[in-house]
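Novice: Attaching a single structure in structure tokens format; questions to follow.
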Amino acid sequence: MAKVDVLLGLQWGDEGKGKIVDVLAPKYDVVARFQGGPNAGHTLEFDGIKHVLHQIPSGIFREKTKNIIGNGVVLDPVIFKREIESLNKFNLNVLENLYISKKASLIIPTHRLLDQAYENAKGESKIGSTLKGIGPTYQDKIGRQGLRVGDILSDTFRDKFRHLTEIHFAILKNLELNFNWAELEAQFLDAVTFLKQFKLVESEYLINHELQEGSSILAEGAQGSLLDIDFGSYPFVTSSNTVTAGACTGLGVAPRHIGEVYGIFKAYSTRVGSGPFPTELQNEEGELMRKQGNEFGSTTGRPRRCGWIDIPSLKYSIMINGVTQLLMMKADVLSVFPTIKVCTKYQLKDGSITSALPYELVNEKITPVYENLKGWNVPITGNSLNDLPEELSQYIDFLEDELQVPITLISTGPDRLQTILRPLSVV
């Protein structure tokens, strides 16, 4: 039987997953999203075109690839309709190649209102939510009162919808939010009608049938491992399991069917929103990194916090996910730095040195322990290993030695052609 390969981010999201899925998609018959929702922003660039996907799997631009939105995803019909309409100019056969799980949870307009209200109530302790209604939707899912995609096919859907909105309005009634409910409701119900024309399926049966048939399958994760609800920098995390285990529950795939686990990371670190970030550079180096990497959120537009690469957190993510291959993004961004710093350990407030991720990340004073490497200080051109500067090759070798997992791909720019493959070696 075939295997499901998993591709996910190892940092705080924004690692470049969209590009890599697009690069790898020709190898796969099926690409499936297994968690998250429109808080994701997977950017693809090719043929002079730049496009950002939020809910639709990144294999959608490959005409022979089946794309599945799995049961672990939370789907906003309004944003989905907008996404599909933005794809019309590419003449893609989305009605044929896109499948949506009936068990995927629905984001309704009051979820977005609740998200805004909850975030406002936190004051200075804001999580940095994208305000897309993700958290409240997962809350309703866990609270066993949410709506799912399959519910839109029921004759009683509008009754279920109004019942859930009444529950939400009871929470919202004492909060100061301005909104036009008639407009929001009409927009949502129109998008639900639009959604009905797509292939709404029991995706767990579909994906296991594809496995039985020998199809190659890629599970596409959103956000990053350090934002996982269980293993991330809680409470500054997302509301789903972003790790490999999430592919099993988010698609209905047994653990024994997991194959390769591709872990994507940037050659440095970034984070959007609040939360701990041990290697953050709040200086001119950080500003330069942000400028060179164009580090602004593809979903929110917010400037990303930037810092040097963090080996302890990467080792943690590799361990939790069972990563078999590493893919390094944005190596070109570091070309402007004469010295590259690598955080190899943490010094805690009691003076002890550790290479493990502490339980208390939020309030623990963590001082990075750095090693300095010589930068390459030249632009990266070409798409061959022979084109890489010697100092960059040394940087890659250093990271491989620290992480003990082979780095098999180097991204040197946003376009799908700006990609260098390395032979799979045993570290």
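To be explicit about the labels: the chains of the structure tokens are called A, B, and onward in the order shown, and within each one the residues are counted from 1, while ligands get numbers from 1 in the order they are shown.
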With only C-alpha atoms as the counted atoms, please give the residues lying no more than 7 Å from range 94-104 of chain A, apart from itself and same-chain residues fewer than 4 positions off, as a list in words.

Specialist: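 Listing them by chain and then by number gives Thr65, Lys66, Asn67, Ile68, Ile69, Gly70, Asn71, Gly72, Val73, Val74, Leu75, Arg148, Val149, Gly150, Phe198, Lys199, Leu200, Val201, Glu202 and Ser203 of chain A.
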
Novice: Can you list, as a list in words, every protein, DNA or RNA residue that comes within 7 Å of Glu260 in chain A when you count only C-alpha atoms, leaving out same-chain residues fewer than 2 positions away?

Specialist: Asp5, Val6, Ile258, Tyr262 and Thr324 of chain A

Novice: Got a sec: who's within 10 Å of Ile353 in chain A, counting only C-alpha atoms, leaving out chain neighbours fewer than 5 positions off, as an NGL selection string?

Specialist: :A and (345-348 or 366-369)

Novice: Hey, can you spit out that residue selection with C-alpha atoms as a short mmCIF file (atom, residue, chain, number, x, y, z; two decimals), in the first residue's frame?

Specialist:
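After the write, again.cif holds the following:
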```cif
data_model
loop_
_atom_site.label_atom_id
_atom_site.label_comp_id
_atom_site.auth_asym_id
_atom_site.auth_seq_id
_atom_site.Cartn_x
_atom_site.Cartn_y
_atom_site.Cartn_z
CA LYS A 345 21.69 26.20 23.28
CA TYR A 346 19.72 28.28 25.80
CA GLN A 347 20.96 29.83 29.05
CA LEU A 348 18.13 29.96 31.61
CA ILE A 366 16.02 32.67 27.93
CA THR A 367 19.38 33.90 26.64
CA PRO A 368 20.50 32.31 23.35
CA VAL A 369 23.96 30.75 23.23
#
```

Novice: Using only C-alpha atoms, which residue out of A:Leu7, A:Gln282, A:Pro77, A:Thr270 lies closest to Phe296 in chain A?

Specialist: A:Thr270

Novice: Need to verify the contact set: Thr279 in chain A, 8 Å, only C-alpha atoms, exclusion of same-chain residues closer than 5 positions in sequence. Can you return it as a list in words?

Specialist: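 Using only C-alpha atoms, the neighbours found are Ser269, Gly307, Trp308, Ile309, Asp310, Cys343 and Pro368 of chain A.
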
Novice: Residues as selected, C-alpha atoms, written as a short mmCIF file (atom, residue, chain, number, x, y, z; two decimals), in the first residue's frame, can you do that?

Specialist:
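To be explicit, this is the file written out as again08.cif:
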```
data_model
loop_
_atom_site.label_atom_id
_atom_site.label_comp_id
_atom_site.auth_asym_id
_atom_site.auth_seq_id
_atom_site.Cartn_x
_atom_site.Cartn_y
_atom_site.Cartn_z
CA SER A 269 13.53 32.54 12.34
CA GLY A 307 15.85 36.55 14.44
CA TRP A 308 18.64 34.03 14.00
CA ILE A 309 18.00 30.33 13.58
CA ASP A 310 17.13 28.41 16.76
CA CYS A 343 21.61 29.55 18.52
CA PRO A 368 20.50 32.31 23.35
#
```
